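Here is input_14.cif, consisting of mmCIF, C-alpha atoms:
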data_target
#
loop_
_atom_site.group_PDB
_atom_site.id
_atom_site.type_symbol
_atom_site.label_atom_id
_atom_site.label_comp_id
_atom_site.auth_asym_id
_atom_site.auth_seq_id
_atom_site.Cartn_x
_atom_site.Cartn_y
_atom_site.Cartn_z
ATOM 1 C CA MET A 253 -17.498 -19.677 13.326
ATOM 2 C CA LYS A 254 -14.292 -21.278 12.018
ATOM 3 C CA LEU A 255 -16.144 -22.806 9.072
ATOM 4 C CA LYS A 256 -17.653 -19.419 8.219
ATOM 5 C CA LEU A 257 -14.210 -17.770 8.328
ATOM 6 C CA ILE A 258 -12.749 -20.515 6.131
ATOM 7 C CA MET A 259 -15.561 -20.094 3.621
ATOM 8 C CA VAL A 260 -15.072 -16.304 3.554
ATOM 9 C CA VAL A 261 -11.343 -16.782 3.002
ATOM 10 C CA LEU A 262 -11.849 -19.338 0.219
ATOM 11 C CA VAL A 263 -14.489 -17.295 -1.603
ATOM 12 C CA SER A 264 -12.418 -14.121 -1.237
ATOM 13 C CA ALA A 265 -9.282 -15.877 -2.458
ATOM 14 C CA LEU A 266 -11.169 -17.148 -5.502
ATOM 15 C CA MET A 267 -12.426 -13.632 -6.226
ATOM 16 C CA VAL A 268 -8.902 -12.224 -5.901
ATOM 17 C CA MET A 269 -7.534 -14.871 -8.269
ATOM 18 C CA LEU A 270 -10.274 -14.288 -10.842
ATOM 19 C CA ALA A 271 -9.893 -10.513 -10.653
ATOM 20 C CA GLY A 272 -6.155 -10.797 -11.182
ATOM 21 C CA CYS A 273 -6.335 -12.679 -14.481
ATOM 22 C CA GLY A 274 -5.554 -9.675 -16.707
ATOM 23 C CA GLY A 275 -2.099 -8.544 -17.807
ATOM 24 C CA PRO A 276 1.376 -9.617 -16.803
ATOM 25 C CA LYS A 277 1.951 -10.202 -13.127
ATOM 26 C CA PRO A 278 4.761 -8.350 -11.370
ATOM 27 C CA ASP A 279 7.740 -10.281 -10.022
ATOM 28 C CA VAL A 280 7.126 -8.811 -6.569
ATOM 29 C CA SER A 281 3.705 -7.695 -5.410
ATOM 30 C CA ILE A 282 3.751 -5.688 -2.186
ATOM 31 C CA PHE A 283 0.641 -5.452 0.000
ATOM 32 C CA VAL A 284 0.431 -2.482 2.396
ATOM 33 C CA MET A 285 -2.175 -2.084 5.132
ATOM 34 C CA GLY A 286 -1.603 -0.080 8.291
ATOM 35 C CA GLN A 287 -3.598 -0.091 11.498
ATOM 36 C CA ASN A 288 -5.866 2.556 9.926
ATOM 37 C CA GLY A 289 -5.451 1.436 6.324
ATOM 38 C CA PHE A 290 -3.133 3.068 3.773
ATOM 39 C CA PRO A 291 -4.215 5.578 1.096
ATOM 40 C CA SER A 292 -3.858 4.526 -2.548
ATOM 41 C CA ASP A 293 -2.218 7.831 -3.555
ATOM 42 C CA ALA A 294 0.459 7.234 -0.908
ATOM 43 C CA GLY A 295 0.924 3.721 -2.307
ATOM 44 C CA GLU A 296 1.377 5.095 -5.832
ATOM 45 C CA LYS A 297 4.022 7.528 -4.579
ATOM 46 C CA LEU A 298 5.905 4.778 -2.715
ATOM 47 C CA GLU A 299 5.649 2.418 -5.712
ATOM 48 C CA ALA A 300 7.135 4.995 -8.114
ATOM 49 C CA SER A 301 9.979 5.703 -5.698
ATOM 50 C CA LEU A 302 10.706 2.025 -5.153
ATOM 51 C CA LYS A 303 10.677 1.285 -8.893
ATOM 52 C CA SER A 304 13.259 4.043 -9.437
ATOM 53 C CA LYS A 305 15.500 2.502 -6.755
ATOM 54 C CA VAL A 306 15.118 -1.128 -7.876
ATOM 55 C CA GLY A 307 15.182 -0.578 -11.637
ATOM 56 C CA GLU A 308 13.316 -2.551 -14.293
ATOM 57 C CA VAL A 309 13.967 -5.991 -12.815
ATOM 58 C CA PRO A 310 12.402 -7.345 -10.716
ATOM 59 C CA THR A 311 9.075 -5.748 -11.637
ATOM 60 C CA ILE A 312 7.099 -4.340 -8.714
ATOM 61 C CA LYS A 313 3.459 -3.554 -7.929
ATOM 62 C CA LEU A 314 2.426 -1.984 -4.632
ATOM 63 C CA ASN A 315 -1.186 -2.593 -3.530
ATOM 64 C CA THR A 316 -2.789 -0.828 -0.594
ATOM 65 C CA SER A 317 -5.925 -1.181 1.473
ATOM 66 C CA PRO A 318 -7.541 2.174 2.374
ATOM 67 C CA ILE A 319 -9.048 0.696 5.538
ATOM 68 C CA PHE A 320 -7.864 -1.907 7.993
ATOM 69 C CA SER A 321 -9.617 -5.221 7.473
ATOM 70 C CA MET A 322 -8.552 -8.394 9.238
ATOM 71 C CA GLU A 323 -10.475 -10.424 6.647
ATOM 72 C CA LYS A 324 -8.666 -8.754 3.733
ATOM 73 C CA MET A 325 -5.308 -9.344 5.413
ATOM 74 C CA ILE A 326 -6.127 -13.039 5.884
ATOM 75 C CA VAL A 327 -7.258 -13.369 2.261
ATOM 76 C CA GLU A 328 -4.099 -11.644 0.971
ATOM 77 C CA LEU A 329 -1.907 -13.927 3.082
ATOM 78 C CA ALA A 330 -3.819 -17.077 2.135
ATOM 79 C CA ALA A 331 -3.848 -16.289 -1.587
ATOM 80 C CA GLY A 332 -0.041 -16.382 -1.627
ATOM 81 C CA GLY A 333 0.349 -13.827 -4.413
ATOM 82 C CA ASN A 334 2.303 -11.187 -2.517
ATOM 83 C CA GLY A 335 6.063 -11.233 -2.179
ATOM 84 C CA ILE A 336 6.203 -8.628 0.592
ATOM 85 C CA PHE A 337 3.727 -7.484 3.208
ATOM 86 C CA ILE A 338 3.872 -4.187 5.062
ATOM 87 C CA LEU A 339 1.529 -4.428 8.026
ATOM 88 C CA ALA A 340 1.055 -2.890 11.451
ATOM 89 C CA ASP A 341 3.460 -4.239 14.044
ATOM 90 C CA GLU A 342 0.507 -5.658 15.995
ATOM 91 C CA GLN A 343 -0.423 -7.929 13.073
ATOM 92 C CA PHE A 344 3.230 -8.860 12.586
ATOM 93 C CA LYS A 345 3.495 -9.950 16.218
ATOM 94 C CA THR A 346 0.275 -11.958 15.979
ATOM 95 C CA LEU A 347 1.356 -13.635 12.740
ATOM 96 C CA SER A 348 4.816 -14.432 14.125
ATOM 97 C CA GLN A 349 3.202 -16.968 16.452
ATOM 98 C CA GLN A 350 2.228 -18.949 13.340
ATOM 99 C CA ALA A 351 5.803 -19.196 11.969
ATOM 100 C CA GLY A 352 4.826 -17.940 8.524
ATOM 101 C CA PHE A 353 7.805 -15.698 7.668
ATOM 102 C CA LEU A 354 11.031 -16.177 5.727
ATOM 103 C CA SER A 355 14.213 -15.573 7.679
ATOM 104 C CA LEU A 356 16.080 -12.533 6.381
ATOM 105 C CA ASP A 357 19.362 -13.297 8.191
ATOM 106 C CA GLU A 358 21.233 -14.039 4.953
ATOM 107 C CA THR A 359 19.884 -10.938 3.180
ATOM 108 C CA ILE A 360 19.937 -8.180 5.807
ATOM 109 C CA ASN A 361 22.123 -7.831 8.900
ATOM 110 C CA PRO A 362 19.936 -8.720 11.908
ATOM 111 C CA SER A 363 21.864 -6.306 14.158
ATOM 112 C CA ASP A 364 20.638 -3.428 11.949
ATOM 113 C CA TYR A 365 17.032 -4.258 12.869
ATOM 114 C CA PRO A 366 16.932 -5.764 16.391
ATOM 115 C CA ASP A 367 13.191 -5.022 16.664
ATOM 116 C CA GLY A 368 12.605 -7.321 13.680
ATOM 117 C CA VAL A 369 14.393 -10.253 15.318
ATOM 118 C CA VAL A 370 11.765 -12.635 16.650
ATOM 119 C CA GLU A 371 11.921 -15.987 18.383
ATOM 120 C CA ILE A 372 9.626 -18.413 16.609
ATOM 121 C CA ALA A 373 8.953 -22.006 17.550
ATOM 122 C CA GLU A 374 7.831 -24.199 14.681
ATOM 123 C CA GLU A 375 5.868 -27.327 15.495
ATOM 124 C CA GLY A 376 8.198 -30.136 16.554
ATOM 125 C CA LYS A 377 11.299 -27.890 16.456
ATOM 126 C CA PRO A 378 13.053 -25.808 19.106
ATOM 127 C CA ALA A 379 12.461 -22.041 19.045
ATOM 128 C CA GLU A 380 14.937 -20.049 16.940
ATOM 129 C CA LYS A 381 15.665 -16.328 16.769
ATOM 130 C CA HIS A 382 15.982 -14.777 13.311
ATOM 131 C CA LEU A 383 15.378 -11.496 11.542
ATOM 132 C CA TYR A 384 11.899 -11.835 10.085
ATOM 133 C CA GLY A 385 10.697 -8.237 9.786
ATOM 134 C CA ILE A 386 12.018 -4.800 8.907
ATOM 135 C CA PRO A 387 10.517 -2.078 11.145
ATOM 136 C CA LEU A 388 9.810 0.973 8.961
ATOM 137 C CA SER A 389 9.738 3.652 11.653
ATOM 138 C CA GLY A 390 12.106 6.356 10.379
ATOM 139 C CA ASN A 391 12.815 4.286 7.247
ATOM 140 C CA LYS A 392 14.794 6.186 4.560
ATOM 141 C CA TRP A 393 12.583 5.087 1.649
ATOM 142 C CA MET A 394 9.393 6.134 3.417
ATOM 143 C CA LYS A 395 10.869 9.390 4.769
ATOM 144 C CA GLU A 396 11.988 10.408 1.271
ATOM 145 C CA GLN A 397 8.330 10.238 0.225
ATOM 146 C CA GLY A 398 7.069 12.157 3.267
ATOM 147 C CA PHE A 399 5.886 9.212 5.375
ATOM 148 C CA GLU A 400 6.971 8.251 8.876
ATOM 149 C CA GLY A 401 6.444 4.486 8.657
ATOM 150 C CA LYS A 402 5.842 4.363 12.399
ATOM 151 C CA GLY A 403 4.216 1.130 13.514
ATOM 152 C CA LEU A 404 4.754 -0.637 10.168
ATOM 153 C CA ILE A 405 6.855 -3.742 9.559
ATOM 154 C CA ALA A 406 7.820 -5.264 6.196
ATOM 155 C CA PHE A 407 8.241 -9.034 5.862
ATOM 156 C CA ILE A 408 8.194 -11.873 3.363
ATOM 157 C CA PRO A 409 5.647 -14.649 3.971
ATOM 158 C CA VAL A 410 6.752 -18.260 3.472
ATOM 159 C CA ASN A 411 4.222 -18.692 0.647
ATOM 160 C CA ALA A 412 5.619 -15.749 -1.340
ATOM 161 C CA PRO A 413 6.229 -16.409 -5.034
ATOM 162 C CA LYS A 414 9.694 -15.494 -6.384
ATOM 163 C CA GLN A 415 11.262 -15.304 -2.941
ATOM 164 C CA GLU A 416 14.736 -14.309 -4.134
ATOM 165 C CA GLU A 417 13.279 -11.327 -6.025
ATOM 166 C CA ALA A 418 11.249 -10.382 -2.935
ATOM 167 C CA LYS A 419 14.442 -10.459 -0.838
ATOM 168 C CA LYS A 420 16.179 -8.126 -3.337
ATOM 169 C CA VAL A 421 13.320 -5.630 -3.122
ATOM 170 C CA LEU A 422 13.128 -5.853 0.679
ATOM 171 C CA LYS A 423 16.858 -5.198 0.850
ATOM 172 C CA VAL A 424 16.269 -1.936 -1.053
ATOM 173 C CA ILE A 425 13.380 -1.036 1.262
ATOM 174 C CA ALA A 426 15.612 -1.710 4.285
ATOM 175 C CA GLN A 427 18.437 0.602 3.190
ATOM 176 C CA LYS A 428 19.354 3.080 5.887
#
Same coordinates, now as structure tokens:
Amino acid sequence: MKLKLIMVVLVSALMVMLAGCGGPKPDVSIFVMGQNGFPSDAGEKLEASLKSKVGEVPTIKLNTSPIFSMEKMIVELAAGGNGIFILADEQFKTLSQQAGFLSLDETINPSDYPDGVVEIAEEGKPAEKHLYGIPLSGNKWMKEQGFEGKGLIAFIPVNAPKQEEAKKVLKVIAQK
């Protein structure tokens, strides 16, 4: 079973890499998938809004999944091409046990988002509490576009490319 899952992930990651060979890559790619997926037209609306708030640099591309797929989420995480993930809080909680997030303590005030503060124990180290995720319930950016954001959390994975740019964009997303 594990070998089959690994093979699916590797083949899917290869397909994602080959499909993404055209055109310039954005500085920060954002992957959005809710518990019931996320419509592409909603993603386009959020992307346009975010680009207007961030400006021309860093460049941004928001990608959505219209249905929830655990396999797609795993492939997107393993491929390492996304700077920010917006996933259902259930997936965030599950992933937090694997210590795969960047701490946002230096970028965003943890007291502003107590529900995003998580205690994570890395192998061989004592558990530490840090801000790792930004809960999007009632989020200003999403509300301005007509979305609630309930049950969604934004975070930066440790394998994100251009992490400083991703932090700048997440700071804009987190504005109250």
Atom CA of Ser281 of chain A to atom CA of Val369 of chain A, straight-line distance in Å: 23.5 Å
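When atom CA of Ala294 of chain A is paired with atom CA of Glu396 of chain A, their separation reads 12.2 Å.
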Draw an axis-aligned box tight on the listed atoms of segment 330-334 of chain A, then pad every side by 6 Å and write out centre and edge lengths in Å to one decimal as lines of an AutoDock Vina configuration file.
center_x = -0.8
center_y = -14.1
center_z = -1.1
size_x = 18.2
size_y = 17.9
size_z = 18.5
From A:Val370, A:Ala331, A:Val306, A:Ile360, residue lying nearest Thr346 of chain A [all atoms listed in the file]: A:Val370
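What separates atom CA of Asp357 of chain A from atom CA of Lys423 of chain A is a distance of 11.2 Å.
When you apply the PyMOL selection byres ((chain A and resi 349) around 12) to this structure, what comes back is Glu342, Gln343, Phe344, Lys345, Thr346, Leu347, Ser348, Gln350, Ala351, Gly352, Phe353, Val370, Glu371, Ile372, Ala373, Glu374, Glu375, Ala379 and Tyr384 of chain A.
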Write the residues of the selection above to a file with C-alpha atoms, as a PDB file, keeping the file's coordinate frame.
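Wrote it out as result_17.pdb, contents follow:
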ATOM      1  CA  GLU A 342       0.507  -5.658  15.995  1.00  0.00           C
ATOM      2  CA  GLN A 343      -0.423  -7.929  13.073  1.00  0.00           C
ATOM      3  CA  PHE A 344       3.230  -8.860  12.586  1.00  0.00           C
ATOM      4  CA  LYS A 345       3.495  -9.950  16.218  1.00  0.00           C
ATOM      5  CA  THR A 346       0.275 -11.958  15.979  1.00  0.00           C
ATOM      6  CA  LEU A 347       1.356 -13.635  12.740  1.00  0.00           C
ATOM      7  CA  SER A 348       4.816 -14.432  14.125  1.00  0.00           C
ATOM      8  CA  GLN A 350       2.228 -18.949  13.340  1.00  0.00           C
ATOM      9  CA  ALA A 351       5.803 -19.196  11.969  1.00  0.00           C
ATOM     10  CA  GLY A 352       4.826 -17.940   8.524  1.00  0.00           C
ATOM     11  CA  PHE A 353       7.805 -15.698   7.668  1.00  0.00           C
ATOM     12  CA  VAL A 370      11.765 -12.635  16.650  1.00  0.00           C
ATOM     13  CA  GLU A 371      11.921 -15.987  18.383  1.00  0.00           C
ATOM     14  CA  ILE A 372       9.626 -18.413  16.609  1.00  0.00           C
ATOM     15  CA  ALA A 373       8.953 -22.006  17.550  1.00  0.00           C
ATOM     16  CA  GLU A 374       7.831 -24.199  14.681  1.00  0.00           C
ATOM     17  CA  GLU A 375       5.868 -27.327  15.495  1.00  0.00           C
ATOM     18  CA  ALA A 379      12.461 -22.041  19.045  1.00  0.00           C
ATOM     19  CA  TYR A 384      11.899 -11.835  10.085  1.00  0.00           C
TER      20      TYR A 384
END
Polymer residues at most 10 Å from Glu296 of chain A, all atoms listed in the file, same-chain spacing of 6 or more positions, as a PyMOL selection string: chain A and resi 302+313-316
Deliver the residues from the most recent selection as a file, using C-alpha atoms, as a PDB file, keeping the file's coordinate frame.
ATOM      1  CA  LEU A 302      10.706   2.025  -5.153  1.00  0.00           C
ATOM      2  CA  LYS A 313       3.459  -3.554  -7.929  1.00  0.00           C
ATOM      3  CA  LEU A 314       2.426  -1.984  -4.632  1.00  0.00           C
ATOM      4  CA  ASN A 315      -1.186  -2.593  -3.530  1.00  0.00           C
ATOM      5  CA  THR A 316      -2.789  -0.828  -0.594  1.00  0.00           C
TER       6      THR A 316
END
Among listed residues A:Ala300, A:Ile408, A:Ile326, A:Ile336, nearest Val284 of chain A (using only C-alpha atoms): A:Ile336
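The closest residue to Tyr365 of chain A, picked from A:Ser301, A:Thr311, A:Gln427, A:Gln415 and counting all atoms listed in the file, is A:Gln427.
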Answer as a VMD selection string, residues within 9 Å of (5.3, -17.8, -0.2) using all atoms listed in the file: chain A and resid 329 332 to 335 352 to 354 408 to 415
Long-range neighbours of Met285 of chain A as an NGL selection string, 9 Å cut-off, only C-alpha atoms, 3 positions minimum in chain: :A and (288-291 or 315-321 or 325 or 337-340 or 404)
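By all atoms listed in the file, and with residues fewer than 3 positions from Val421 of chain A along its chain excluded, the set lying at most 8 Å from it is Val280, Val306, Pro310, Glu417, Ala418, Val424 and Ile425 of chain A.
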Output check: residues returned by the PyMOL selection byres ((chain A and resi 359) around 10), as a PyMOL selection string: chain A and resi 355-358+360-362+383+416+419-420+422-423
Selected residue of minimal separation from Pro387 of chain A among A:Phe399, A:Asp364, A:Ala330, A:Val309, counting all atoms listed in the file: A:Asp364
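Taken over the whole file, the PyMOL selection byres ((chain A and resi 390) around 9) covers exactly A:Pro387, A:Leu388, A:Ser389, A:Asn391, A:Lys392, A:Trp393, A:Met394, A:Lys395, A:Phe399, A:Glu400, A:Gly401, A:Lys402.
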